[in-house]
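Student: entry.pdb is reproduced below (PDB, C-alpha atoms).
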```
ATOM      1  CA  MET A   1      89.522 118.397  91.329  1.00  0.00           C
ATOM      2  CA  CYS A   2      86.873 117.689  93.970  1.00  0.00           C
ATOM      3  CA  PHE A   3      87.178 117.953  97.735  1.00  0.00           C
ATOM      4  CA  LYS A   4      85.516 115.142  99.691  1.00  0.00           C
ATOM      5  CA  THR A   5      84.592 116.062 103.257  1.00  0.00           C
ATOM      6  CA  GLY A   6      85.842 114.281 106.339  1.00  0.00           C
ATOM      7  CA  ASN A   7      82.644 112.244 106.660  1.00  0.00           C
ATOM      8  CA  GLY A   8      83.455 110.549 103.340  1.00  0.00           C
ATOM      9  CA  LYS A   9      79.921 111.103 102.004  1.00  0.00           C
ATOM     10  CA  ASN A  10      79.768 114.664 100.746  1.00  0.00           C
ATOM     11  CA  TYR A  11      81.767 117.029  98.551  1.00  0.00           C
ATOM     12  CA  LEU A  12      82.538 120.704  98.928  1.00  0.00           C
ATOM     13  CA  ALA A  13      80.446 122.652  96.403  1.00  0.00           C
ATOM     14  CA  VAL A  14      79.529 126.225  95.485  1.00  0.00           C
ATOM     15  CA  ASN A  15      75.978 127.398  96.084  1.00  0.00           C
ATOM     16  CA  PRO A  16      75.180 129.057  92.715  1.00  0.00           C
ATOM     17  CA  SER A  17      72.974 131.791  94.198  1.00  0.00           C
ATOM     18  CA  SER A  18      75.178 132.978  97.071  1.00  0.00           C
ATOM     19  CA  GLY A  19      78.696 131.934  96.053  1.00  0.00           C
ATOM     20  CA  PHE A  20      79.204 130.357  99.495  1.00  0.00           C
ATOM     21  CA  LEU A  21      80.785 126.920  99.702  1.00  0.00           C
ATOM     22  CA  ASP A  22      78.979 124.136 101.539  1.00  0.00           C
ATOM     23  CA  ALA A  23      79.424 120.387 101.974  1.00  0.00           C
ATOM     24  CA  LYS A  24      76.061 119.269 100.621  1.00  0.00           C
ATOM     25  CA  SER A  25      76.959 117.834  97.214  1.00  0.00           C
ATOM     26  CA  LYS A  26      76.567 114.064  96.913  1.00  0.00           C
ATOM     27  CA  SER A  27      78.744 113.701  93.796  1.00  0.00           C
ATOM     28  CA  CYS A  28      81.967 114.999  92.278  1.00  0.00           C
ATOM     29  CA  ALA A  29      80.319 116.963  89.464  1.00  0.00           C
ATOM     30  CA  GLY A  30      78.961 120.386  88.565  1.00  0.00           C
ATOM     31  CA  ASN A  31      79.508 122.973  91.312  1.00  0.00           C
ATOM     32  CA  ALA A  32      81.679 120.520  93.278  1.00  0.00           C
ATOM     33  CA  VAL A  33      84.483 120.738  90.686  1.00  0.00           C
ATOM     34  CA  PHE A  34      87.398 123.093  91.374  1.00  0.00           C
ATOM     35  CA  SER A  35      90.675 123.895  89.687  1.00  0.00           C
ATOM     36  CA  VAL A  36      93.753 124.333  91.853  1.00  0.00           C
ATOM     37  CA  ASP A  37      96.763 126.392  90.768  1.00  0.00           C
ATOM     38  CA  TYR A  38      99.881 127.667  92.406  1.00  0.00           C
ATOM     39  CA  PHE A  39      99.426 131.215  93.605  1.00  0.00           C
ATOM     40  CA  THR A  40     101.524 132.338  90.641  1.00  0.00           C
ATOM     41  CA  LEU A  41      98.472 131.155  88.610  1.00  0.00           C
ATOM     42  CA  ASN A  42     100.549 128.518  86.843  1.00  0.00           C
ATOM     43  CA  LYS A  43      97.767 126.294  85.467  1.00  0.00           C
ATOM     44  CA  ASN A  44     100.222 123.881  83.818  1.00  0.00           C
ATOM     45  CA  ALA A  45     101.851 122.678  87.032  1.00  0.00           C
ATOM     46  CA  PRO A  46     100.058 120.002  89.083  1.00  0.00           C
ATOM     47  CA  PRO A  47      99.032 121.182  92.575  1.00  0.00           C
ATOM     48  CA  ARG A  48     101.389 119.882  95.252  1.00  0.00           C
ATOM     49  CA  ILE A  49     101.285 119.506  99.005  1.00  0.00           C
ATOM     50  CA  GLY A  50     102.876 122.465 100.774  1.00  0.00           C
ATOM     51  CA  PRO A  51     103.216 125.366  98.289  1.00  0.00           C
ATOM     52  CA  LEU A  52     100.612 128.113  98.372  1.00  0.00           C
ATOM     53  CA  ILE A  53      97.712 127.479  96.028  1.00  0.00           C
ATOM     54  CA  VAL A  54      94.591 129.281  94.814  1.00  0.00           C
ATOM     55  CA  ILE A  55      91.258 127.554  94.236  1.00  0.00           C
ATOM     56  CA  ARG A  56      88.984 128.427  91.320  1.00  0.00           C
ATOM     57  CA  ALA A  57      85.402 127.235  91.613  1.00  0.00           C
ATOM     58  CA  ALA A  58      83.013 125.832  89.020  1.00  0.00           C
ATOM     59  CA  ASN A  59      81.441 129.286  88.677  1.00  0.00           C
ATOM     60  CA  GLY A  60      84.795 130.579  87.353  1.00  0.00           C
ATOM     61  CA  LYS A  61      85.546 132.679  90.421  1.00  0.00           C
ATOM     62  CA  TYR A  62      88.325 132.356  92.964  1.00  0.00           C
ATOM     63  CA  VAL A  63      87.639 131.101  96.475  1.00  0.00           C
ATOM     64  CA  ARG A  64      88.208 133.572  99.289  1.00  0.00           C
ATOM     65  CA  PHE A  65      88.325 133.054 103.035  1.00  0.00           C
ATOM     66  CA  TYR A  66      85.821 135.172 105.006  1.00  0.00           C
ATOM     67  CA  GLY A  67      86.187 134.691 108.754  1.00  0.00           C
ATOM     68  CA  ARG A  68      84.841 131.150 109.158  1.00  0.00           C
ATOM     69  CA  THR A  69      83.419 130.630 105.676  1.00  0.00           C
ATOM     70  CA  LEU A  70      84.662 130.194 102.128  1.00  0.00           C
ATOM     71  CA  ARG A  71      83.117 132.040  99.222  1.00  0.00           C
ATOM     72  CA  ALA A  72      83.762 131.955  95.471  1.00  0.00           C
ATOM     73  CA  VAL A  73      83.283 135.599  94.507  1.00  0.00           C
ATOM     74  CA  ALA A  74      86.365 137.076  92.819  1.00  0.00           C
ATOM     75  CA  PRO A  75      86.675 137.005  89.015  1.00  0.00           C
ATOM     76  CA  ARG A  76      90.301 138.213  89.317  1.00  0.00           C
ATOM     77  CA  ILE A  77      92.822 138.308  92.136  1.00  0.00           C
ATOM     78  CA  ARG A  78      95.901 140.328  93.026  1.00  0.00           C
ATOM     79  CA  PRO A  79      99.165 138.434  93.609  1.00  0.00           C
ATOM     80  CA  ASN A  80      99.601 139.834  97.142  1.00  0.00           C
ATOM     81  CA  ASP A  81      96.069 139.215  98.473  1.00  0.00           C
ATOM     82  CA  ARG A  82      96.474 136.602 101.199  1.00  0.00           C
ATOM     83  CA  PHE A  83      92.692 136.039 101.476  1.00  0.00           C
ATOM     84  CA  TYR A  84      92.928 133.823  98.365  1.00  0.00           C
ATOM     85  CA  MET A  85      96.017 131.849  99.414  1.00  0.00           C
ATOM     86  CA  PHE A  86      95.670 128.335 100.802  1.00  0.00           C
ATOM     87  CA  SER A  87      98.132 125.684 101.858  1.00  0.00           C
ATOM     88  CA  ALA A  88      97.266 121.991 101.512  1.00  0.00           C
ATOM     89  CA  ARG A  89      98.919 119.977 104.277  1.00  0.00           C
ATOM     90  CA  PRO A  90      98.760 116.249 105.010  1.00  0.00           C
ATOM     91  CA  SER A  91      96.045 115.199 107.445  1.00  0.00           C
ATOM     92  CA  HIS A  92      97.792 111.897 108.176  1.00  0.00           C
ATOM     93  CA  GLY A  93     101.227 110.345 107.834  1.00  0.00           C
ATOM     94  CA  GLY A  94     102.702 109.042 104.636  1.00  0.00           C
ATOM     95  CA  ILE A  95     102.361 112.213 102.548  1.00  0.00           C
ATOM     96  CA  ARG A  96     105.532 114.217 102.033  1.00  0.00           C
ATOM     97  CA  GLY A  97     105.818 117.895 101.267  1.00  0.00           C
ATOM     98  CA  GLY A  98     105.988 118.515  97.535  1.00  0.00           C
ATOM     99  CA  ALA A  99     103.910 115.426  96.683  1.00  0.00           C
ATOM    100  CA  VAL A 100     101.402 115.902  93.870  1.00  0.00           C
ATOM    101  CA  MET A 101      97.800 116.093  95.109  1.00  0.00           C
ATOM    102  CA  ALA A 102      96.020 112.919  94.003  1.00  0.00           C
ATOM    103  CA  PRO A 103      92.556 111.309  94.314  1.00  0.00           C
ATOM    104  CA  GLY A 104      91.948 109.769  97.723  1.00  0.00           C
ATOM    105  CA  MET A 105      94.678 111.826  99.393  1.00  0.00           C
ATOM    106  CA  ARG A 106      93.603 113.302 102.717  1.00  0.00           C
ATOM    107  CA  VAL A 107      94.690 116.894 103.205  1.00  0.00           C
ATOM    108  CA  ASN A 108      93.743 119.876 105.318  1.00  0.00           C
ATOM    109  CA  LEU A 109      93.314 123.265 103.654  1.00  0.00           C
ATOM    110  CA  TYR A 110      94.699 126.179 105.622  1.00  0.00           C
ATOM    111  CA  PRO A 111      93.903 129.767 104.613  1.00  0.00           C
ATOM    112  CA  MET A 112      96.966 131.963 104.764  1.00  0.00           C
ATOM    113  CA  THR A 113      95.331 134.863 106.603  1.00  0.00           C
ATOM    114  CA  ALA A 114      96.600 135.836 110.040  1.00  0.00           C
ATOM    115  CA  GLY A 115      95.168 133.790 112.887  1.00  0.00           C
ATOM    116  CA  SER A 116      93.152 131.454 110.643  1.00  0.00           C
ATOM    117  CA  SER A 117      93.058 127.677 110.411  1.00  0.00           C
TER     118      SER A 117
END
```
Translate this file's structure into structure tokens.
Tutor:
Amino acid sequence: MCFKTGNGKNYLAVNPSSGFLDAKSKSCAGNAVFSVDYFTLNKNAPPRIGPLIVIRAANGKYVRFYGRTLRAVAPRIRPNDRFYMFSARPSHGGIRGGAVMAPGMRVNLYPMTAGSS
């Protein structure tokens, strides 16, 4: 899965040297490819709108929320660590809760840490 930014030109990608995520990639390939699983780490279920998910980056590490930035640094995660939990919510009408995430779908990612959006 790739995440296209709101400007419609760039993709979210992992900087290989720092592990930080940025929106500089011009294509959906390499470090811009992510896998999305339910927080139970069920890789066989397709990611859906609403339930808590975790994001694994192209470098094989899980994405964590740090204040105002995202970083792919954890090779393993604990089931109760909210810093790795995200919720994908519709950014416009027409998408119902529980819908499978699909190409072209516009969603907002919300980290599940207190006071974050």
Student: Hey, which of A:Ile95, A:Arg48, A:Asn42, A:Phe83 ends up closest to A:Tyr66? Count all atoms listed in the file.
Tutor: A:Phe83
Student: Let me know the residues the PyMOL selection byres ((chain A and resi 72-78) around 6) catches in the file above, as number ranges by chain.
Tutor: A: 19, 61-63, 71, 79-81
Student: Give me a file of those residues, with C-alpha atoms, as a short mmCIF file (atom, residue, chain, number, x, y, z; two decimals), in the coordinates of the input.
Tutor:
```
data_model
loop_
_atom_site.label_atom_id
_atom_site.label_comp_id
_atom_site.auth_asym_id
_atom_site.auth_seq_id
_atom_site.Cartn_x
_atom_site.Cartn_y
_atom_site.Cartn_z
CA GLY A 19 78.70 131.93 96.05
CA LYS A 61 85.55 132.68 90.42
CA TYR A 62 88.32 132.36 92.96
CA VAL A 63 87.64 131.10 96.48
CA ARG A 71 83.12 132.04 99.22
CA PRO A 79 99.16 138.43 93.61
CA ASN A 80 99.60 139.83 97.14
CA ASP A 81 96.07 139.22 98.47
#
```
Student: Please provide the set of residues having any atom within 10 Å of stretch 22-26 of chain A, restricted to only C-alpha atoms, with same-chain residues fewer than 3 positions apart removed, written as a short mmCIF file (atom, residue, chain, number, x, y, z; two decimals) with C-alpha atoms, in the coordinates of the input.
Tutor:
```cif
data_model
loop_
_atom_site.label_atom_id
_atom_site.label_comp_id
_atom_site.auth_asym_id
_atom_site.auth_seq_id
_atom_site.Cartn_x
_atom_site.Cartn_y
_atom_site.Cartn_z
CA PHE A 3 87.18 117.95 97.74
CA LYS A 4 85.52 115.14 99.69
CA THR A 5 84.59 116.06 103.26
CA GLY A 6 85.84 114.28 106.34
CA ASN A 7 82.64 112.24 106.66
CA LYS A 9 79.92 111.10 102.00
CA ASN A 10 79.77 114.66 100.75
CA TYR A 11 81.77 117.03 98.55
CA LEU A 12 82.54 120.70 98.93
CA ALA A 13 80.45 122.65 96.40
CA VAL A 14 79.53 126.22 95.48
CA ASN A 15 75.98 127.40 96.08
CA GLY A 19 78.70 131.93 96.05
CA ALA A 29 80.32 116.96 89.46
CA GLY A 30 78.96 120.39 88.56
CA ASN A 31 79.51 122.97 91.31
CA ALA A 32 81.68 120.52 93.28
CA THR A 69 83.42 130.63 105.68
CA LEU A 70 84.66 130.19 102.13
CA ARG A 71 83.12 132.04 99.22
#
```
Student: In Å to one decimal, how far is atom CA of A:Gly8 from atom CA of A:Tyr84?
Tutor: 25.6 Å
Student: Starting from the PyMOL selection byres ((chain A and resi 39) around 6), expand the selection into actual residues of this file and give them as a VMD selection string.
Tutor: chain A and resid 38 40 to 41 52 to 54
Student: Those selected residues, please, written with C-alpha atoms and delivered as a tab-separated table (two decimals), in the frame of the given file.
Tutor:
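What ended up in result03.tsv:
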```
chain	number	residue	atom	x	y	z
A	38	TYR	CA	99.88	127.67	92.41
A	40	THR	CA	101.52	132.34	90.64
A	41	LEU	CA	98.47	131.16	88.61
A	52	LEU	CA	100.61	128.11	98.37
A	53	ILE	CA	97.71	127.48	96.03
A	54	VAL	CA	94.59	129.28	94.81
```
Student: Using atom CA of A:Phe65 and atom CA of A:Tyr110 as the two end points, give the distance in Å to one decimal.
Tutor: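 For atom CA of A:Phe65 relative to atom CA of A:Tyr110, the distance reads 9.7 Å.
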Student: Using Å and a single decimal, report how far atom CA of A:Met101 sits from atom CA of A:Val36.
Tutor: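 Answer for the atom CA of A:Val36 to atom CA of A:Met101 separation: 9.7 Å.
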Student: Between A:Asn44, A:Ser91, A:Ser27, A:Ser18, single out the one closest to A:Met105, counting all atoms listed in the file.
Tutor: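 Closest to A:Met105 of all the choices is A:Ser91.
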Student: Which residue gives the smallest distance to A:Arg89 among A:Gly67, A:Pro111, A:Gly60, A:Gly50, with all atoms listed in the file counted?
Tutor: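 For A:Arg89, the nearest of the candidates is A:Gly50.
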Student: Return the single residue from A:Met1, A:Leu109, A:Val33, A:Ala58 that is closest to A:Pro16, with distances computed using only C-alpha atoms.
Tutor: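 Checking each of A:Met1, A:Leu109, A:Val33, A:Ala58 against A:Pro16, counting only C-alpha atoms, the winner is A:Ala58.
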